[in-house]
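Asks: Pasting in a structure now, in C-alpha cells, and then I'll have a few things to ask.
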Amino acid sequence: MKAMTINIDQRKKTKWKKVIAITAIILVIVSLLYTFAYLRHDSNHVDMGNRLAGMSLEHPLGTDHLGRDMLTRIWIGAQYTIGYSALALLASLLIGVPIGLLSGYFKGMIDRVFMRSADAFLAFPDTIVAIVLAGLLGPGIGNLILAITLIKWVNYARLVRSTVLAESQKEYIWIAKMNGLSPRKIVSKHLFPHVIGSVLVMASLDFGKVILLISAFSYIGLGVQPPMPEWGAMLNELRPYFNSMPQLMLYPGLAIVIVVLLTNLLGDYLRDYFDVKKEGKV
Amino acid sequence: MILSIKDVTIKNKDNTIIDNVSLSIREGEWFALVGQSGSGKSMITQAIGQLLPSSLKVEGNIYLRDTDLLSLDKKEIRQVRGKRITYIFQNYLGSFTPFHTIEHHFKEYMRVQGLNDTKLQNERMIESLESVALSQHLLKRFPSQLSGGQLQRVSIALALLFSPDIVIADEMTTALDSVSGYKILELLKQRQKETNCTILFITHDWRHVRKYADRLAVMKDGQIIESGGKHRILDHPQHSYTKQLIKAAPLLRKQLPSGLDQEEIL
C-alpha cells in the first residue's frame, strides 16, 4: 500500500514538471515570435538623451548606457542566445549521431578511426579550443559555434556508439540481419529509434551548458560582438554601470538563469519520458 | 543433403575455436547439435548465416544445397538470409525490436522479402499466426506485452513464413519453463510435418533430443566427437564423453530408455 502511494506521488511530480517545462517553453517561443513580428523599439537605436533611464511605461525595464530599450534588447538577445545555442547543438548532433551509429554498427577500422579522432578532440577542454580558435580565426560568433561543435560532437558520438554496440549484440539485430535487411535499414529503423531518446535527453541537458558557454564567451568578448544584444555580451557592456544601475546587469543574468533552469527541467522530463520505454504508454 | 558443413575451422587471432567440423543434414529431418555451453554449437550456426564478427576467420565450406554460403558476398548472402535460412533464438524478448509492434515485425520482413501487397500481407500474417495458434489481436501489441511462449510462437511463425530450406533453432526453449517449452516444441514438430522444413536444433537438453531428433551430433571443445542416428548414439555411444553426457541427463522411466543402464546390468 505504501509503495503505491509513493508511486502516485511520483507520477504527480513528473506531471508537474512536464506542465511547467512545456508552458514555459511555449511562453518563451511565443514571446520570441512576438518580438520578431512586432517591436516597439529598435534594439540598436541609440538615444543618448535618454540613457540609463529607470522603469517607465515607454521602457518597462529602463534603458542602457546608450539609451537603448532594455526589454527589447533582452528579447532580441533571446533570439541570439537561444538560436546560436540551438545551432551549435544541432551541428554537434548532426556530426556526432551518424558517426556514433556508424562506428558502433560497423566496428573495425571505421570505429577505430572515428573514436581515436574523438579522443583527440576530447583531450582539449572546450574553453581552450574556443580561445585558440578565436585567436587563430578572430573573435566572432561563427568561430565560437565552430569551437562548441568541435567539442560537443564527441559526447554524442560516444553515447550513441556505446548504445549501438550494446544493442547490436542483441538477437533482434541478428534477426533483422537474417531477415535480409540492409545495414542502412537496420541502422535507421532498428538502432536509431533506440538511440534517439537518450540523445535528446543529453542534448536538452547540454543546451543549458551551451547557452552558458556562449554567454560566457560573449562576456569576455570572444563571442557575439556588440552591438548585437546577446545576453552575455550585454552583461559585459553593462559592467561599468553595476554600481549605479545594478538592475541592468540583473536582467540579462536572470534571463540566462531562467532559460538554463528550464532546459534542465525539460531534460529531466525527457529522461523520465524515455525511461519507461514503450510499455507504460500503450 | 540440404546443408553440409565441410571441414569448417573458425579461428581468432590466438586460438582455434572450431576445429575441422563436418556435418551433413538431410532434407526434412530434425537434426540436433548437442554439447555443453562453450562447445561452439552456436558459433557454427552463426557461421552458416555469416553472422560472425569479422575478427573471426572461417575456413572450409558450408553448402546449402549447391551454394557455398561462405563464398557469397554481402549482397548475395542477403538473398539467402530470411528466404532460405531462418533463425529462432533462445532469448525470445531480445529477438524482437522493443519499440516495434508484432505487426511491424511481420510487415517489415515481408517487405524485405518482396511481398508488398497489403492485402496479401494481411492474409499471410493472419494465416501464419493461426498456424501457431495465436489470435490476430496480438498484432497490435508490443513484444513486452506478450508472454515468452507467445513470443516464441511468433518467432516460429516468422521463421516459417517464407518456407525456408532450413530453420536454425538455437536453444529455443532454454529460457522457457518446461511446460511452455514442451508446447513450443510440439508446435514446431507439427509445423515441420506440415511444411516439411529441415530443422537444425541446438540444445543441451537430452530430453528434447530423445523426443524429437532424427539424427544428432555431439560437440566438445569445438570438435564433433560423435554423430549419427538418434538410437545409435543414445543406445550405443562410442565416445566416453557422450556416455558421460547421457548418464548425467535426468531420465524418467517412461521415456525412451538410454540403453546404457541395461548394458551395464547385462
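Lettering and numbering for the C-alpha cells are positional, with chains as A, B, ... in the shown order, residues counted from 1 in each chain, and ligands counted from 1 in the shown order.
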Quick one: which residues from chain A are at most 8 Å off chain B, using only C-alpha atoms, as a PyMOL selection string?
Replies: chain A and resi 108+170-175+177-182+190+194+277-279
Asks: Can you pull out every residue within 9 Å of stretch 40-47 of chain A, counting only C-alpha atoms, but drop anything in the same chain fewer than 2 positions away, and send it as an mmCIF file with N, CA and C atoms, in the first residue's frame?
Replies:
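Result saved to result.cif:
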```
data_model
loop_
_atom_site.group_PDB
_atom_site.id
_atom_site.type_symbol
_atom_site.label_atom_id
_atom_site.label_comp_id
_atom_site.auth_asym_id
_atom_site.auth_seq_id
_atom_site.Cartn_x
_atom_site.Cartn_y
_atom_site.Cartn_z
ATOM 1 N N THR A 35 8.143 39.244 -30.421
ATOM 2 C CA THR A 35 9.130 40.308 -30.631
ATOM 3 C C THR A 35 9.647 40.310 -32.056
ATOM 4 N N TYR A 38 6.646 41.952 -33.949
ATOM 5 C CA TYR A 38 6.201 43.285 -33.583
ATOM 6 C C TYR A 38 7.135 43.887 -32.562
ATOM 7 N N GLY A 49 20.022 61.059 -25.135
ATOM 8 C CA GLY A 49 19.303 61.912 -24.205
ATOM 9 C C GLY A 49 18.538 61.130 -23.146
ATOM 10 N N ASN A 50 18.363 59.878 -23.394
ATOM 11 C CA ASN A 50 17.508 59.072 -22.527
ATOM 12 C C ASN A 50 18.294 57.917 -21.903
ATOM 13 N N ARG A 51 19.621 58.096 -21.709
ATOM 14 C CA ARG A 51 20.439 56.968 -21.279
ATOM 15 C C ARG A 51 20.261 56.693 -19.790
ATOM 16 N N LEU A 66 23.487 53.513 -23.557
ATOM 17 C CA LEU A 66 23.362 54.240 -24.811
ATOM 18 C C LEU A 66 21.909 54.622 -25.092
ATOM 19 N N GLY A 67 21.072 54.440 -24.068
ATOM 20 C CA GLY A 67 19.668 54.820 -24.226
ATOM 21 C C GLY A 67 18.854 53.814 -25.009
ATOM 22 N N ARG A 68 19.365 52.557 -25.142
ATOM 23 C CA ARG A 68 18.599 51.548 -25.879
ATOM 24 C C ARG A 68 17.629 50.859 -24.918
ATOM 25 N N ASP A 69 16.453 50.482 -25.434
ATOM 26 C CA ASP A 69 15.428 49.881 -24.585
ATOM 27 C C ASP A 69 15.868 48.500 -24.123
ATOM 28 N N MET A 70 15.913 48.274 -22.786
ATOM 29 C CA MET A 70 16.427 47.029 -22.241
ATOM 30 C C MET A 70 15.536 45.840 -22.595
ATOM 31 N N LEU A 71 14.190 46.027 -22.468
ATOM 32 C CA LEU A 71 13.291 44.904 -22.706
ATOM 33 C C LEU A 71 13.456 44.373 -24.129
ATOM 34 N N THR A 72 13.517 45.329 -25.070
ATOM 35 C CA THR A 72 13.692 44.920 -26.454
ATOM 36 C C THR A 72 14.999 44.149 -26.614
ATOM 37 N N ARG A 73 16.042 44.651 -25.978
ATOM 38 C CA ARG A 73 17.346 44.006 -26.118
ATOM 39 C C ARG A 73 17.343 42.611 -25.490
ATOM 40 N N ILE A 74 16.614 42.475 -24.382
ATOM 41 C CA ILE A 74 16.549 41.145 -23.761
ATOM 42 C C ILE A 74 15.859 40.160 -24.704
ATOM 43 N N ILE A 76 15.365 40.415 -28.002
ATOM 44 C CA ILE A 76 16.174 40.170 -29.203
ATOM 45 C C ILE A 76 17.375 39.289 -28.828
ATOM 46 N N PRO A 227 27.186 45.662 -31.656
ATOM 47 C CA PRO A 227 26.071 45.956 -30.754
ATOM 48 C C PRO A 227 25.018 44.864 -30.681
ATOM 49 N N MET A 228 25.319 43.664 -31.171
ATOM 50 C CA MET A 228 24.323 42.593 -31.104
ATOM 51 C C MET A 228 23.938 42.333 -29.648
ATOM 52 N N PRO A 229 22.642 42.283 -29.339
ATOM 53 C CA PRO A 229 22.243 42.150 -27.942
ATOM 54 C C PRO A 229 22.228 40.700 -27.451
#
```
Asks: Point out the residue among A:Thr23, A:Asn243, A:Ser162, A:Asn264 with the least atom-to-atom distance to A:Asp111, counting only C-alpha atoms.
Replies: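 Closest to A:Asp111, using only C-alpha atoms: A:Ser162.
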Asks: Would you pick out the contacts of B:Tyr63 at 6 Å or less, using only C-alpha atoms, so that residues sharing its chain but fewer than 3 positions from it are not included, and give the list as a count of residues only?
Replies: 6
Asks: Using DSSP assignments from the backbone, pull out every residue in stretch 43-219 of chain B that falls under helix (DSSP H, G or I) and give it to me as a ChimeraX atom specification.
Replies: /B:43-48,69-71,74-80,102-112,118-131,136-140,143-145,148-159,178-195,206-212
Asks: Need the shell around B:Ile184: protein/DNA/RNA residues with any atom at most 8 Å away, counting only C-alpha atoms. Skip same-chain ones fewer than 6 positions apart. Format as a PyMOL selection string?
Replies: chain B and resi 149+152-153+173
Asks: Save the residues we just selected, C-alpha atoms, as an mmCIF file, in the first residue's frame?
Replies:
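This is the output file out.cif:
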```cif
data_model
loop_
_atom_site.group_PDB
_atom_site.id
_atom_site.type_symbol
_atom_site.label_atom_id
_atom_site.label_comp_id
_atom_site.auth_asym_id
_atom_site.auth_seq_id
_atom_site.Cartn_x
_atom_site.Cartn_y
_atom_site.Cartn_z
ATOM 1 C CA GLY B 149 5.590 -18.760 -25.019
ATOM 2 C CA GLN B 152 8.411 -17.996 -29.305
ATOM 3 C CA ARG B 153 5.276 -18.910 -31.229
ATOM 4 C CA THR B 173 13.295 -23.476 -25.234
#
```
Asks: Given only C-alpha atoms as the basis, pick out the residue of A:Leu27, A:Leu102, A:Val113, A:Val260 nearest to A:Ile186.
Replies: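 Smallest distance to A:Ile186 is found for A:Leu102.
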Asks: Can you pull out every residue within 9 Å of stretch 24-28 of chain B, counting only C-alpha atoms, but drop anything in the same chain fewer than 2 positions away, and send it as a PDB file with C-alpha atoms, in the first residue's frame?
Replies:
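Written file, part-v8.pdb:
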```
ATOM      1  CA  MET B   1      21.895 -33.275 -48.272  1.00  0.00           C
ATOM      2  CA  ILE B   2      20.306 -29.922 -47.723  1.00  0.00           C
ATOM      3  CA  LEU B   3      23.094 -28.455 -45.644  1.00  0.00           C
ATOM      4  CA  SER B   4      26.596 -29.792 -45.490  1.00  0.00           C
ATOM      5  CA  ILE B   5      29.348 -28.311 -43.426  1.00  0.00           C
ATOM      6  CA  LYS B   6      32.737 -29.421 -44.675  1.00  0.00           C
ATOM      7  CA  SER B  22      31.961 -31.579 -40.741  1.00  0.00           C
ATOM      8  CA  TRP B  30      15.288 -32.768 -37.238  1.00  0.00           C
ATOM      9  CA  PHE B  31      18.991 -32.620 -36.632  1.00  0.00           C
ATOM     10  CA  ASP B 165      15.117 -24.641 -46.568  1.00  0.00           C
ATOM     11  CA  ILE B 166      16.397 -24.790 -43.045  1.00  0.00           C
ATOM     12  CA  GLN B 192       7.687 -29.281 -39.507  1.00  0.00           C
ATOM     13  CA  LYS B 193       5.359 -32.110 -40.550  1.00  0.00           C
ATOM     14  CA  THR B 195       5.800 -27.678 -44.113  1.00  0.00           C
ATOM     15  CA  ASN B 196       8.453 -30.364 -44.391  1.00  0.00           C
ATOM     16  CA  CYS B 197      11.227 -27.964 -43.448  1.00  0.00           C
ATOM     17  CA  THR B 198      14.579 -29.028 -42.094  1.00  0.00           C
ATOM     18  CA  ILE B 199      15.475 -28.091 -38.533  1.00  0.00           C
ATOM     19  CA  LEU B 200      18.909 -27.672 -37.081  1.00  0.00           C
ATOM     20  CA  ARG B 215      19.867 -37.626 -36.040  1.00  0.00           C
TER      21      ARG B 215
END
```
Asks: Name all residues at most 8 Å from A:Tyr105 (count only C-alpha atoms; drop same-chain ones fewer than 2 positions away) and give them as a VMD selection string.
Replies: chain A and resid 101 to 103 107 161 164 to 165 168 187
Asks: Next, dump the selected residues to file, keeping only C-alpha atoms, as a PDB file, in the first residue's frame.
Replies:
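selection.pdb was written with the following content:
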```pdb
ATOM      1  CA  LEU A 101      25.845   4.935 -35.355  1.00  0.00           C
ATOM      2  CA  LEU A 102      28.405   4.046 -37.999  1.00  0.00           C
ATOM      3  CA  SER A 103      31.261   3.235 -35.687  1.00  0.00           C
ATOM      4  CA  LYS A 107      33.054  -1.547 -35.733  1.00  0.00           C
ATOM      5  CA  ARG A 161      28.323   4.315 -30.159  1.00  0.00           C
ATOM      6  CA  VAL A 164      24.658   0.802 -30.533  1.00  0.00           C
ATOM      7  CA  LEU A 165      27.473  -1.544 -29.507  1.00  0.00           C
ATOM      8  CA  SER A 168      23.756  -4.720 -31.923  1.00  0.00           C
ATOM      9  CA  VAL A 187      20.672   1.300 -38.505  1.00  0.00           C
TER      10      VAL A 187
END
```
Asks: So which one's closest to A:Trp231, A:Val199, A:Phe217, A:Val129, A:Ile95? Using only C-alpha atoms, please.
Replies: A:Phe217
Asks: Find the residue from A:Ser188, A:Ile141, A:Gly100, A:Tyr251 that sits nearest to A:Gly221; use only C-alpha atoms when measuring.
Replies: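 Closest residue, counting only C-alpha atoms: A:Ile141.
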Asks: Kindly indicate which residue among A:Pro139, A:Gly83, A:Gly232, A:Gly267 lies nearest to A:Gly253, using only C-alpha atoms for the distances.
Replies: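 Distance minimum relative to A:Gly253 lands on A:Gly232.
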Asks: Based on the backbone DSSP call, show me all residues of stretch 101-222 of chain B assigned strand (DSSP E), as a ChimeraX atom specification.
Replies: /B:166-170,198-203,215-220
Asks: Mind writing the picked residues with N, CA and C atoms as a PDB file, in the first residue's frame?
Replies:
```pdb
ATOM      1  N   ILE B 166      15.982 -24.311 -44.353  1.00  0.00           N
ATOM      2  CA  ILE B 166      16.397 -24.790 -43.045  1.00  0.00           C
ATOM      3  C   ILE B 166      16.111 -23.751 -41.967  1.00  0.00           C
ATOM      4  N   VAL B 167      15.606 -24.223 -40.846  1.00  0.00           N
ATOM      5  CA  VAL B 167      15.369 -23.359 -39.697  1.00  0.00           C
ATOM      6  C   VAL B 167      16.403 -23.719 -38.644  1.00  0.00           C
ATOM      7  N   ILE B 168      17.108 -22.721 -38.156  1.00  0.00           N
ATOM      8  CA  ILE B 168      18.099 -22.980 -37.128  1.00  0.00           C
ATOM      9  C   ILE B 168      17.524 -22.531 -35.791  1.00  0.00           C
ATOM     10  N   ALA B 169      17.276 -23.475 -34.896  1.00  0.00           N
ATOM     11  CA  ALA B 169      16.687 -23.147 -33.598  1.00  0.00           C
ATOM     12  C   ALA B 169      17.784 -23.252 -32.549  1.00  0.00           C
ATOM     13  N   ASP B 170      18.222 -22.100 -32.084  1.00  0.00           N
ATOM     14  CA  ASP B 170      19.372 -22.069 -31.173  1.00  0.00           C
ATOM     15  C   ASP B 170      18.874 -22.032 -29.726  1.00  0.00           C
ATOM     16  N   THR B 198      13.507 -28.375 -42.827  1.00  0.00           N
ATOM     17  CA  THR B 198      14.579 -29.028 -42.094  1.00  0.00           C
ATOM     18  C   THR B 198      14.892 -28.194 -40.856  1.00  0.00           C
ATOM     19  N   ILE B 199      15.182 -28.842 -39.747  1.00  0.00           N
ATOM     20  CA  ILE B 199      15.475 -28.091 -38.533  1.00  0.00           C
ATOM     21  C   ILE B 199      16.843 -28.464 -37.996  1.00  0.00           C
ATOM     22  N   LEU B 200      17.645 -27.454 -37.791  1.00  0.00           N
ATOM     23  CA  LEU B 200      18.909 -27.672 -37.081  1.00  0.00           C
ATOM     24  C   LEU B 200      18.679 -27.182 -35.663  1.00  0.00           C
ATOM     25  N   PHE B 201      18.686 -28.123 -34.746  1.00  0.00           N
ATOM     26  CA  PHE B 201      18.228 -27.826 -33.393  1.00  0.00           C
ATOM     27  C   PHE B 201      19.420 -27.855 -32.444  1.00  0.00           C
ATOM     28  N   ILE B 202      19.753 -26.704 -31.895  1.00  0.00           N
ATOM     29  CA  ILE B 202      20.879 -26.633 -30.977  1.00  0.00           C
ATOM     30  C   ILE B 202      20.345 -26.790 -29.565  1.00  0.00           C
ATOM     31  N   THR B 203      20.909 -27.669 -28.793  1.00  0.00           N
ATOM     32  CA  THR B 203      20.390 -27.851 -27.448  1.00  0.00           C
ATOM     33  C   THR B 203      21.442 -28.472 -26.542  1.00  0.00           C
ATOM     34  N   ARG B 215      18.440 -37.313 -36.153  1.00  0.00           N
ATOM     35  CA  ARG B 215      19.867 -37.626 -36.040  1.00  0.00           C
ATOM     36  C   ARG B 215      20.510 -36.549 -35.175  1.00  0.00           C
ATOM     37  N   LEU B 216      21.710 -36.810 -34.681  1.00  0.00           N
ATOM     38  CA  LEU B 216      22.345 -35.801 -33.849  1.00  0.00           C
ATOM     39  C   LEU B 216      23.857 -35.863 -33.936  1.00  0.00           C
ATOM     40  N   ALA B 217      24.468 -34.792 -33.490  1.00  0.00           N
ATOM     41  CA  ALA B 217      25.919 -34.741 -33.412  1.00  0.00           C
ATOM     42  C   ALA B 217      26.279 -34.181 -32.041  1.00  0.00           C
ATOM     43  N   VAL B 218      27.342 -34.698 -31.452  1.00  0.00           N
ATOM     44  CA  VAL B 218      27.764 -34.241 -30.138  1.00  0.00           C
ATOM     45  C   VAL B 218      29.043 -33.436 -30.298  1.00  0.00           C
ATOM     46  N   MET B 219      29.045 -32.260 -29.689  1.00  0.00           N
ATOM     47  CA  MET B 219      30.215 -31.389 -29.809  1.00  0.00           C
ATOM     48  C   MET B 219      30.912 -31.233 -28.477  1.00  0.00           C
ATOM     49  N   LYS B 220      32.240 -31.172 -28.552  1.00  0.00           N
ATOM     50  CA  LYS B 220      33.005 -30.893 -27.345  1.00  0.00           C
ATOM     51  C   LYS B 220      34.234 -30.093 -27.743  1.00  0.00           C
TER      52      LYS B 220
END
```
